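What follows is a short report on a single structure.
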Amino acid sequence: MKTIDVKLLNRPYKILIDFGLLKRTGQLIEPFLTGEKVAIVSDEIVWNLYGKILLESLNGIKHQVFIQPSGEETKSIKYFEDLCEHFAEIGLMRTDLVISFGGGVVGDLAGFASASYMRGVSFIQIPTTLLSQVDSSIGGKTGINLKHGKNLLGAFWQPKLVISDVSLLDSLEEREFQAGMAEVIKYGAIESKELFDSLLKYADRKEVMKDIVNIIYECCDIKRRIVEHDELDFGERMKLNFGHTFGHAIERAGNYKKHTHGEAVALGMIIASKIGERLGITASGCSDKLIDVLSQHNLPISADLDYKELIDYIINDKKKNKSGINFILLKDIGKSIIHSIDADDLFSLFERGI
Ligand code: GLY
């Protein structure tokens with residue numbers, strides 16, 4: 001088992017990464033049982049596949065299970081309210097524990113409910129997708145969507161423990177696995193040339209899975225370093241958004257149906273590196289290297305995009321921040337910076353052909 005210690009003042013926690021951890025959940029959560037019971041939050045798909053293993057591991061620990069439908073629509077006020085009401089109904093106390101068992105959606109909802117209910121209940125993350133194991137389960141971002149946009153309501157609420165059982169990745173659909181790989185590639189691009197270069201050597205998913213514990217460890221360790229420096233996302237943490245400014249706009253332009261988050265981020269990373277090359281900030285050839293590694297992992301490297309529409313989305317999204325749009329650009333593979341670009345300059349860059 002690989003372990004990472006996240007050293008946040010007053011809120012340190014461990015990330016555990018290995019095959020077969022789910023069946024050891026009862027034993028692993030033992031040190032965090034300060035109350036009487038555990039509230040488990042999961043979704044239908046995950047629960048049908050793995051709920052039995054989790055329950056068997058609890059070995060007599062008193063628990064209640066709350067199953068949500070699978071999908072982004074549960075990251076809403078309605079489901080948040082229902083979940084908090086459920087917590088109240090079972091008499092969940094501040095000394096009790098919430099376990100989030102699912103991908104990023106379940107983690108964000110259960111995490112935000114934990115942060116809010118009685119002003120904060122301890123929670124443990126058991127992420128079940130590659131994307132949540134390398135990104136959303138660590139660093140304490142929790143939240144739900146509003147009609148006006150994604151993740152507009154939320155809190156920083158760090159988990160007490162993250163249990164990443166990589167065996168659970170076997171049941172992921174191909175596109176979902178690839179979505180996680182886009183985030184893995186992102187970590188290499190922004191912080192580690194070594195990780196980035198190593199990703200070229202895997203012929204297929206089976207090969208990736210042979211090394212998955214190390215791959216997830218490397219990504220989580222990069223995120224740990226960044227979050228330890230900038231927990232509340234005022235500076236360095238923004239680097240984790242490489243490819244996400246255009247990525248979010250691409251997801252939105254396709255009504256969140258055409259591209260998965262990972263596919264949109266893949267395209268967004270290519271656009272950001274081309275912008276950086278055009279501005280003379282990114283070493284030339286970086287976008288080609290990105291294209292190589294993204295296609296190696298079956299992620300899209302081109303799409304029929306309406307850039308004017310995307311830039312309009314981006315400007316509307318960010319216009320509260322009047323001083324320009326913050327982009328994460330690469331200086332080179334493994335080195336990234338935050339760079340502000342004026343909206344007019346962005347349009348003219350695309351008019352001249354990116
Ligand atoms: N997913 C980006 C962050 O945690 O800051």
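Residue names in the structure tokens use chain letters A, B, ... in the order shown, residue numbers from 1 in each chain, and ligand numbers from 1 in the order shown.
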
Discussion item. When you look at Met118 (chain A) with a cut-off of 10 Å (counting only C-alpha atoms), what residues show up, excluding the ones that are within fewer than 5 positions of it in the same chain? I need them as a count of residues only.
Written reply: 7

Might you pull out every residue within 8 Å of Ala179 (chain A), with only C-alpha atoms counted and same-chain residues fewer than 5 positions away left off, and present them as a ChimeraX atom specification? /A:130-131,260-263,299

Would you give me, as a tab-separated table, each residue of chain A having an atom within 6 Å of an atom of ligand 1, along with its shortest atom pair and that distance in Å to one decimal, using only C-alpha atoms and all ligand atoms and sorting by chain and residue number?
```
residue	atom	partner	partner_atom_place_in_ligand_line	distance
A:Asp135	CA	ligand 1	1 (N)	5.7
A:Ser136	CA	ligand 1	1 (N)	5.6
A:Gly139	CA	ligand 1	4 (O)	5.6
A:Lys141	CA	ligand 1	4 (O)	5.9
A:Arg237	CA	ligand 1	5 (O)	5.6
A:Leu240	CA	ligand 1	2 (C)	5.2
```

All residues 8 Å or closer to Asn326 (chain A), only C-alpha atoms, same chain fewer than 6 positions away omitted, as a PDB file with all heavy atoms, in the first residue's frame:
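Here's the written file around_39.pdb:
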```pdb
ATOM      1  N   ILE A 338       0.545  31.034 -14.004  1.00  0.00           N
ATOM      2  CA  ILE A 338      -0.773  31.675 -14.148  1.00  0.00           C
ATOM      3  C   ILE A 338      -0.553  32.944 -14.965  1.00  0.00           C
ATOM      4  O   ILE A 338       0.343  33.732 -14.651  1.00  0.00           O
ATOM      5  CB  ILE A 338      -1.365  32.025 -12.773  1.00  0.00           C
ATOM      6  CG1 ILE A 338      -1.438  30.763 -11.903  1.00  0.00           C
ATOM      7  CG2 ILE A 338      -2.749  32.667 -12.904  1.00  0.00           C
ATOM      8  CD1 ILE A 338      -1.661  31.025 -10.426  1.00  0.00           C
ATOM      9  N   HIS A 339      -1.338  33.116 -16.013  1.00  0.00           N
ATOM     10  CA  HIS A 339      -1.112  34.259 -16.902  1.00  0.00           C
ATOM     11  C   HIS A 339      -2.468  34.882 -17.269  1.00  0.00           C
ATOM     12  O   HIS A 339      -3.377  34.186 -17.704  1.00  0.00           O
ATOM     13  CB  HIS A 339      -0.391  33.777 -18.171  1.00  0.00           C
ATOM     14  CG  HIS A 339      -0.084  34.870 -19.133  1.00  0.00           C
ATOM     15  ND1 HIS A 339       1.020  35.696 -18.982  1.00  0.00           N
ATOM     16  CD2 HIS A 339      -0.729  35.291 -20.247  1.00  0.00           C
ATOM     17  CE1 HIS A 339       1.036  36.572 -19.974  1.00  0.00           C
ATOM     18  NE2 HIS A 339      -0.017  36.357 -20.754  1.00  0.00           N
ATOM     19  N   SER A 340      -2.577  36.198 -17.082  1.00  0.00           N
ATOM     20  CA  SER A 340      -3.849  36.863 -17.375  1.00  0.00           C
ATOM     21  C   SER A 340      -3.870  37.356 -18.832  1.00  0.00           C
ATOM     22  O   SER A 340      -2.911  37.967 -19.297  1.00  0.00           O
ATOM     23  CB  SER A 340      -4.018  38.023 -16.398  1.00  0.00           C
ATOM     24  OG  SER A 340      -5.175  38.725 -16.722  1.00  0.00           O
ATOM     25  N   ILE A 341      -4.962  37.062 -19.525  1.00  0.00           N
ATOM     26  CA  ILE A 341      -5.090  37.517 -20.919  1.00  0.00           C
ATOM     27  C   ILE A 341      -6.349  38.377 -21.038  1.00  0.00           C
ATOM     28  O   ILE A 341      -7.431  37.980 -20.580  1.00  0.00           O
ATOM     29  CB  ILE A 341      -5.186  36.325 -21.901  1.00  0.00           C
ATOM     30  CG1 ILE A 341      -3.975  35.387 -21.738  1.00  0.00           C
ATOM     31  CG2 ILE A 341      -5.281  36.815 -23.352  1.00  0.00           C
ATOM     32  CD1 ILE A 341      -4.001  34.165 -22.646  1.00  0.00           C
TER      33      ILE A 341
END
```

Legend entry - Sel. of alpha helix (DSSP H) residues, region 90-188 of chain A, as a ChimeraX atom specification: /A:104-116,130-131,174-188

Kindly export the residues of the current selection with N, CA, C and O atoms, as a short mmCIF file (atom, residue, chain, number, x, y, z; two decimals), in the first residue's frame.
```cif
data_model
loop_
_atom_site.label_atom_id
_atom_site.label_comp_id
_atom_site.auth_asym_id
_atom_site.auth_seq_id
_atom_site.Cartn_x
_atom_site.Cartn_y
_atom_site.Cartn_z
N GLY A 104 -16.81 11.65 -8.19
CA GLY A 104 -16.74 13.05 -7.80
C GLY A 104 -18.07 13.65 -7.40
O GLY A 104 -18.13 14.48 -6.49
N VAL A 105 -19.15 13.22 -8.05
CA VAL A 105 -20.47 13.80 -7.74
C VAL A 105 -20.86 13.46 -6.30
O VAL A 105 -21.23 14.34 -5.51
N VAL A 106 -20.76 12.18 -5.95
CA VAL A 106 -21.11 11.75 -4.59
C VAL A 106 -20.18 12.43 -3.58
O VAL A 106 -20.63 12.93 -2.53
N GLY A 107 -18.89 12.49 -3.91
CA GLY A 107 -17.93 13.10 -2.99
C GLY A 107 -18.24 14.57 -2.74
O GLY A 107 -18.17 15.04 -1.61
N ASP A 108 -18.59 15.29 -3.81
CA ASP A 108 -18.89 16.72 -3.66
C ASP A 108 -20.16 16.95 -2.84
O ASP A 108 -20.21 17.83 -1.99
N LEU A 109 -21.18 16.13 -3.11
CA LEU A 109 -22.46 16.28 -2.39
C LEU A 109 -22.31 15.85 -0.92
O LEU A 109 -22.68 16.61 -0.02
N ALA A 110 -21.78 14.66 -0.71
CA ALA A 110 -21.65 14.15 0.67
C ALA A 110 -20.67 15.02 1.46
O ALA A 110 -20.88 15.28 2.65
N GLY A 111 -19.63 15.50 0.78
CA GLY A 111 -18.65 16.36 1.45
C GLY A 111 -19.28 17.68 1.88
O GLY A 111 -19.07 18.15 3.00
N PHE A 112 -20.10 18.25 0.99
CA PHE A 112 -20.73 19.53 1.33
C PHE A 112 -21.78 19.36 2.43
O PHE A 112 -21.89 20.20 3.33
N ALA A 113 -22.51 18.24 2.36
CA ALA A 113 -23.48 17.97 3.44
C ALA A 113 -22.73 17.79 4.77
O ALA A 113 -23.17 18.28 5.82
N SER A 114 -21.59 17.12 4.73
CA SER A 114 -20.79 16.93 5.96
C SER A 114 -20.27 18.26 6.48
O SER A 114 -20.21 18.50 7.68
N ALA A 115 -19.86 19.12 5.54
CA ALA A 115 -19.32 20.44 5.95
C ALA A 115 -20.41 21.30 6.59
O ALA A 115 -20.13 22.12 7.47
N SER A 116 -21.66 21.10 6.16
CA SER A 116 -22.74 22.01 6.54
C SER A 116 -23.56 21.50 7.73
O SER A 116 -23.98 22.29 8.58
N LEU A 130 -11.32 6.91 -11.48
CA LEU A 130 -9.93 7.39 -11.59
C LEU A 130 -9.87 8.89 -11.36
O LEU A 130 -8.99 9.41 -10.68
N LEU A 131 -10.86 9.60 -11.93
CA LEU A 131 -10.88 11.06 -11.78
C LEU A 131 -10.98 11.47 -10.31
O LEU A 131 -10.26 12.36 -9.84
N GLU A 174 -14.97 2.69 -20.51
CA GLU A 174 -13.76 3.18 -21.16
C GLU A 174 -13.65 4.72 -21.13
O GLU A 174 -12.61 5.28 -20.77
N ARG A 175 -14.75 5.39 -21.47
CA ARG A 175 -14.69 6.85 -21.54
C ARG A 175 -14.42 7.47 -20.17
O ARG A 175 -13.78 8.51 -20.04
N GLU A 176 -14.94 6.81 -19.14
CA GLU A 176 -14.74 7.33 -17.79
C GLU A 176 -13.28 7.13 -17.35
O GLU A 176 -12.69 7.98 -16.68
N PHE A 177 -12.72 6.00 -17.75
CA PHE A 177 -11.32 5.74 -17.44
C PHE A 177 -10.44 6.79 -18.16
O PHE A 177 -9.53 7.38 -17.58
N GLN A 178 -10.77 7.03 -19.44
CA GLN A 178 -10.00 8.02 -20.22
C GLN A 178 -10.12 9.41 -19.59
O GLN A 178 -9.15 10.18 -19.59
N ALA A 179 -11.32 9.72 -19.06
CA ALA A 179 -11.51 11.03 -18.42
C ALA A 179 -10.52 11.19 -17.27
O ALA A 179 -9.93 12.26 -17.07
N GLY A 180 -10.33 10.12 -16.52
CA GLY A 180 -9.35 10.16 -15.43
C GLY A 180 -7.95 10.33 -15.97
O GLY A 180 -7.13 11.07 -15.40
N MET A 181 -7.65 9.66 -17.09
CA MET A 181 -6.30 9.77 -17.66
C MET A 181 -6.00 11.21 -18.11
O MET A 181 -4.85 11.65 -18.08
N ALA A 182 -7.04 11.94 -18.54
CA ALA A 182 -6.81 13.34 -18.93
C ALA A 182 -6.28 14.13 -17.73
O ALA A 182 -5.36 14.96 -17.86
N GLU A 183 -6.83 13.86 -16.54
CA GLU A 183 -6.35 14.57 -15.35
C GLU A 183 -4.94 14.10 -14.98
O GLU A 183 -4.12 14.89 -14.52
N VAL A 184 -4.66 12.81 -15.18
CA VAL A 184 -3.31 12.30 -14.91
C VAL A 184 -2.31 13.04 -15.81
O VAL A 184 -1.26 13.51 -15.36
N ILE A 185 -2.65 13.14 -17.09
CA ILE A 185 -1.77 13.83 -18.05
C ILE A 185 -1.59 15.30 -17.63
O ILE A 185 -0.51 15.85 -17.71
N LYS A 186 -2.68 15.90 -17.15
CA LYS A 186 -2.61 17.29 -16.67
C LYS A 186 -1.54 17.45 -15.59
O LYS A 186 -0.73 18.37 -15.63
N TYR A 187 -1.52 16.52 -14.60
CA TYR A 187 -0.52 16.63 -13.52
C TYR A 187 0.90 16.60 -14.09
O TYR A 187 1.76 17.35 -13.68
N GLY A 188 1.11 15.69 -15.06
CA GLY A 188 2.43 15.63 -15.68
C GLY A 188 2.75 16.94 -16.37
O GLY A 188 3.84 17.50 -16.22
#
```

What separates CA of Ile328 (chain A) and CA of Glu351 (chain A) is a distance of 20.8 Å

So which residues of region 160-337 of chain A fall under strand (DSSP E or B) by DSSP, listed as a PyMOL selection string?
chain A and resi 161-165+325-332+335-337

What separates CA of Ser57 (chain A) and CA of Gly91 (chain A) is a distance of 23.3 Å

message: At a cut-off of 12 Å, using only C-alpha atoms, what residues contact Asp170 (chain A)? Leave out same-chain residues fewer than 5 positions from it and give the result as a list in words.
response: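 Contacts, in chain order: Phe19, Gly20, Leu49, Tyr50, Thr128, Thr129, Leu130, Asp165, Glu176, Phe177, Arg205, Lys206, Val208, Met209, Lys210 and Ile212 of chain A.
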
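Distances here use only C-alpha atoms; by that measure, the residue among A:Val293, A:His259, A:Gly143, A:Gly247 closest to Ser198 (chain A) is A:Val293.
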
A:Phe156, A:Phe80, A:Phe32, A:Tyr13 ranked by distance to Leu97 (chain A), top pick (using only C-alpha atoms):
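Ranking A:Phe156, A:Phe80, A:Phe32, A:Tyr13 by distance to Leu97 (chain A), first place goes to A:Phe32.
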
Counting only C-alpha atoms, closest pick from A:Glu44, A:Glu81, A:Asp288, A:Glu30 relative to Pro69 (chain A) is A:Glu44

Of the candidates A:Val98, A:Gly140, A:Lys308, A:Leu330, which shows the shortest atom-to-atom distance to Ser42 (chain A), using only C-alpha atoms?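 The answer is A:Val98, which sits nearest to Ser42 (chain A).
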
*asked:* I'd like the contact shell of Leu153 (chain A) - 10 Å cut-off, only C-alpha atoms, skipping same-chain residues fewer than 4 positions apart - returned as a count of residues only.
replied: 10

If you measure from CA of Gly51 (chain A) to CA of Asp82 (chain A), what distance in Å do you get, rounded to one decimal?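 Result for CA of Gly51 (chain A) versus CA of Asp82 (chain A): 20.9 Å, one decimal.
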
message = Please list as a ChimeraX atom specification every residue within 10 Å of Glu218 (chain A), counting only C-alpha atoms and excluding residues in the same chain fewer than 2 positions away.
response = /A:4,134,184,187-188,192,195,212-216,220-224

Could you write out that same residue set with N, CA and C atoms as a PDB file, in the first residue's frame?
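Result saved to out_15.pdb:
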```
ATOM      1  N   ILE A   4       0.080   8.631   1.471  1.00  0.00           N
ATOM      2  CA  ILE A   4       0.504  10.040   1.382  1.00  0.00           C
ATOM      3  C   ILE A   4      -0.026  10.763   2.613  1.00  0.00           C
ATOM      4  N   VAL A 134      -7.635  10.641  -8.373  1.00  0.00           N
ATOM      5  CA  VAL A 134      -6.463  11.513  -8.575  1.00  0.00           C
ATOM      6  C   VAL A 134      -6.768  12.984  -8.282  1.00  0.00           C
ATOM      7  N   VAL A 184      -4.661  12.811 -15.179  1.00  0.00           N
ATOM      8  CA  VAL A 184      -3.308  12.296 -14.913  1.00  0.00           C
ATOM      9  C   VAL A 184      -2.306  13.036 -15.812  1.00  0.00           C
ATOM     10  N   TYR A 187      -1.519  16.520 -14.601  1.00  0.00           N
ATOM     11  CA  TYR A 187      -0.519  16.625 -13.522  1.00  0.00           C
ATOM     12  C   TYR A 187       0.898  16.599 -14.094  1.00  0.00           C
ATOM     13  N   GLY A 188       1.108  15.695 -15.065  1.00  0.00           N
ATOM     14  CA  GLY A 188       2.432  15.630 -15.678  1.00  0.00           C
ATOM     15  C   GLY A 188       2.752  16.940 -16.372  1.00  0.00           C
ATOM     16  N   SER A 192       5.276  17.724 -13.635  1.00  0.00           N
ATOM     17  CA  SER A 192       6.260  16.639 -13.638  1.00  0.00           C
ATOM     18  C   SER A 192       6.509  16.100 -15.043  1.00  0.00           C
ATOM     19  N   LEU A 195       6.656  12.263 -14.963  1.00  0.00           N
ATOM     20  CA  LEU A 195       5.360  11.586 -15.049  1.00  0.00           C
ATOM     21  C   LEU A 195       4.827  11.678 -16.479  1.00  0.00           C
ATOM     22  N   ILE A 212      -0.858   1.276 -11.791  1.00  0.00           N
ATOM     23  CA  ILE A 212      -1.820   2.307 -11.397  1.00  0.00           C
ATOM     24  C   ILE A 212      -1.572   2.877  -9.990  1.00  0.00           C
ATOM     25  N   VAL A 213      -1.086   2.021  -9.079  1.00  0.00           N
ATOM     26  CA  VAL A 213      -0.854   2.520  -7.716  1.00  0.00           C
ATOM     27  C   VAL A 213       0.193   3.640  -7.759  1.00  0.00           C
ATOM     28  N   ASN A 214       1.272   3.408  -8.517  1.00  0.00           N
ATOM     29  CA  ASN A 214       2.321   4.442  -8.617  1.00  0.00           C
ATOM     30  C   ASN A 214       1.817   5.683  -9.335  1.00  0.00           C
ATOM     31  N   ILE A 215       1.022   5.484 -10.396  1.00  0.00           N
ATOM     32  CA  ILE A 215       0.518   6.636 -11.156  1.00  0.00           C
ATOM     33  C   ILE A 215      -0.365   7.517 -10.257  1.00  0.00           C
ATOM     34  N   ILE A 216      -1.297   6.870  -9.545  1.00  0.00           N
ATOM     35  CA  ILE A 216      -2.196   7.647  -8.678  1.00  0.00           C
ATOM     36  C   ILE A 216      -1.394   8.313  -7.556  1.00  0.00           C
ATOM     37  N   CYS A 220      -1.475  12.280  -6.748  1.00  0.00           N
ATOM     38  CA  CYS A 220      -1.944  12.753  -5.436  1.00  0.00           C
ATOM     39  C   CYS A 220      -0.831  13.504  -4.714  1.00  0.00           C
ATOM     40  N   ASP A 221       0.403  13.071  -4.921  1.00  0.00           N
ATOM     41  CA  ASP A 221       1.504  13.734  -4.241  1.00  0.00           C
ATOM     42  C   ASP A 221       1.719  15.146  -4.803  1.00  0.00           C
ATOM     43  N   ILE A 222       1.525  15.295  -6.121  1.00  0.00           N
ATOM     44  CA  ILE A 222       1.599  16.644  -6.716  1.00  0.00           C
ATOM     45  C   ILE A 222       0.483  17.509  -6.131  1.00  0.00           C
ATOM     46  N   LYS A 223      -0.721  16.963  -6.082  1.00  0.00           N
ATOM     47  CA  LYS A 223      -1.840  17.756  -5.553  1.00  0.00           C
ATOM     48  C   LYS A 223      -1.606  18.079  -4.073  1.00  0.00           C
ATOM     49  N   ARG A 224      -1.074  17.108  -3.321  1.00  0.00           N
ATOM     50  CA  ARG A 224      -0.773  17.358  -1.897  1.00  0.00           C
ATOM     51  C   ARG A 224       0.136  18.582  -1.748  1.00  0.00           C
TER      52      ARG A 224
END
```

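Take the candidates A:Asn48, A:Ser302, A:Asn10, A:Thr74 and check each one against Lys160 (chain A) using only C-alpha atoms; the shortest distance goes to A:Asn10.
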
Skip Ser273 (chain A) itself and residues of its chain fewer than 4 positions away, then list as a PyMOL selection string all residues within 8 Å of it, counting only C-alpha atoms. chain A and resi 269+277+282+286-287+329-330
